[in-house]
Amino acid sequence: MDKQTYLHQLHELTSTMMSELYEMNYEQLEAFVEERQLIVNGLVELFAEQPPSAEEKNKIEELLGHDYEIIARMNVLRLEAQDWLHKRGQAKTQRNAYETNYAPDSFLMDKKK
């Protein structure tokens, strides 16, 4: 593929991502990141052979401008997952407090003073 094809794919992928960003779950974001990385790897190889033109640099910078919003969304999802894990740990601790850890046929012996 050539640079223009990669840049077009990157633009389409980013545009789709931005239009659906707040409806996406973490799995969809992960798929986006993986697909984007493949495109970026292709561009890096081509740019190693022939440096990007000023127009290509501008397109890339424009696309990178969306990264702040994407990262912010990823952080929201990360915090939601962290909160869920914390609540799950608390529930497990509370549940363990009420579960019996003794043999049901054992005897309790008190000493008489």
# chains A, B, ... in the order shown; residues from 1 in each chain; ligands from 1

call {"tool": "select_by_dssp", "arguments": {"residues": "chain A", "states": "alpha helix (DSSP H)", "output": "ChimeraX atom specification"}}
result
/A:3-20,26-49,54-64,67-98

call {"tool": "residues_around", "arguments": {"residues": "segment 50-57 of chain A", "least_positions_apart": "3", "cutoff": "9 Å", "atoms": "only C-alpha atoms", "output": "JSON, numbers by chain"}}
result
{"A": [3, 4, 7, 45, 46, 47, 60, 61, 62]}

call {"tool": "residues_around", "arguments": {"residues": "segment 38-42 of chain A", "least_positions_apart": "6", "cutoff": "9 Å", "atoms": "only C-alpha atoms", "output": "ChimeraX atom specification"}}
result
/A:1-3,6-7,9-10

call {"tool": "write_last_selection", "arguments": {"atoms": "all heavy atoms", "output": "mmCIF file, in the first residue's frame"}}
result
data_model
loop_
_atom_site.group_PDB
_atom_site.id
_atom_site.type_symbol
_atom_site.label_atom_id
_atom_site.label_comp_id
_atom_site.auth_asym_id
_atom_site.auth_seq_id
_atom_site.Cartn_x
_atom_site.Cartn_y
_atom_site.Cartn_z
ATOM 1 N N MET A 1 0.827 -1.185 0.000
ATOM 2 C CA MET A 1 0.000 0.000 0.000
ATOM 3 C C MET A 1 0.872 1.251 0.000
ATOM 4 O O MET A 1 1.993 1.220 0.475
ATOM 5 C CB MET A 1 -0.888 0.006 1.242
ATOM 6 C CG MET A 1 -2.231 -0.665 1.019
ATOM 7 S SD MET A 1 -3.410 -0.317 2.313
ATOM 8 C CE MET A 1 -2.986 -1.587 3.474
ATOM 9 N N ASP A 2 0.285 2.326 -0.460
ATOM 10 C CA ASP A 2 1.030 3.582 -0.473
ATOM 11 C C ASP A 2 0.602 4.464 0.707
ATOM 12 O O ASP A 2 -0.349 4.159 1.425
ATOM 13 C CB ASP A 2 0.843 4.308 -1.804
ATOM 14 C CG ASP A 2 -0.594 4.759 -2.028
ATOM 15 O OD1 ASP A 2 -1.510 4.185 -1.408
ATOM 16 O OD2 ASP A 2 -0.784 5.696 -2.823
ATOM 17 N N LYS A 3 1.331 5.566 0.886
ATOM 18 C CA LYS A 3 1.090 6.444 2.030
ATOM 19 C C LYS A 3 -0.318 7.023 2.020
ATOM 20 O O LYS A 3 -0.954 7.108 3.068
ATOM 21 C CB LYS A 3 2.123 7.581 2.050
ATOM 22 C CG LYS A 3 3.537 7.111 2.356
ATOM 23 C CD LYS A 3 4.470 8.268 2.590
ATOM 24 C CE LYS A 3 4.864 8.933 1.289
ATOM 25 N NZ LYS A 3 5.901 9.963 1.477
ATOM 26 N N TYR A 6 -2.840 4.492 3.321
ATOM 27 C CA TYR A 6 -2.735 4.388 4.775
ATOM 28 C C TYR A 6 -3.336 5.607 5.466
ATOM 29 O O TYR A 6 -4.077 5.487 6.451
ATOM 30 C CB TYR A 6 -1.283 4.216 5.219
ATOM 31 C CG TYR A 6 -0.754 2.812 5.137
ATOM 32 C CD1 TYR A 6 0.372 2.512 4.394
ATOM 33 C CD2 TYR A 6 -1.373 1.775 5.830
ATOM 34 C CE1 TYR A 6 0.880 1.225 4.330
ATOM 35 C CE2 TYR A 6 -0.885 0.483 5.780
ATOM 36 C CZ TYR A 6 0.244 0.214 5.026
ATOM 37 O OH TYR A 6 0.735 -1.071 4.977
ATOM 38 N N LEU A 7 -3.030 6.801 4.958
ATOM 39 C CA LEU A 7 -3.564 8.019 5.559
ATOM 40 C C LEU A 7 -5.085 8.071 5.433
ATOM 41 O O LEU A 7 -5.777 8.490 6.372
ATOM 42 C CB LEU A 7 -2.927 9.259 4.923
ATOM 43 C CG LEU A 7 -1.473 9.524 5.309
ATOM 44 C CD1 LEU A 7 -0.888 10.651 4.478
ATOM 45 C CD2 LEU A 7 -1.366 9.850 6.789
ATOM 46 N N GLN A 9 -7.088 5.432 5.251
ATOM 47 C CA GLN A 9 -7.600 4.442 6.202
ATOM 48 C C GLN A 9 -7.576 4.993 7.630
ATOM 49 O O GLN A 9 -8.527 4.815 8.389
ATOM 50 C CB GLN A 9 -6.773 3.152 6.149
ATOM 51 C CG GLN A 9 -7.046 2.293 4.958
ATOM 52 C CD GLN A 9 -6.193 1.028 4.988
ATOM 53 O OE1 GLN A 9 -5.193 0.944 5.698
ATOM 54 N NE2 GLN A 9 -6.589 0.042 4.201
ATOM 55 N N LEU A 10 -6.487 5.648 7.968
ATOM 56 C CA LEU A 10 -6.347 6.228 9.302
ATOM 57 C C LEU A 10 -7.403 7.314 9.534
ATOM 58 O O LEU A 10 -8.015 7.385 10.600
ATOM 59 C CB LEU A 10 -4.938 6.794 9.485
ATOM 60 C CG LEU A 10 -4.544 7.240 10.877
ATOM 61 C CD1 LEU A 10 -4.693 6.106 11.884
ATOM 62 C CD2 LEU A 10 -3.117 7.767 10.877
#

call {"tool": "residues_around", "arguments": {"residues": "Gly65 of chain A", "least_positions_apart": "4", "cutoff": "12 Å", "atoms": "only C-alpha atoms", "output": "PyMOL selection string"}}
result
chain A and resi 11+14-15+18+58-61+69-71

call {"tool": "residues_around", "arguments": {"residues": "segment 72-76 of chain A", "least_positions_apart": "3", "cutoff": "12 Å", "atoms": "only C-alpha atoms", "output": "count of residues only"}}
result
24

call {"tool": "atom_distance", "arguments": {"atom1": "atom CA of Leu77 of chain A", "atom2": "atom CA of Leu63 of chain A"}}
result
21.8 Å
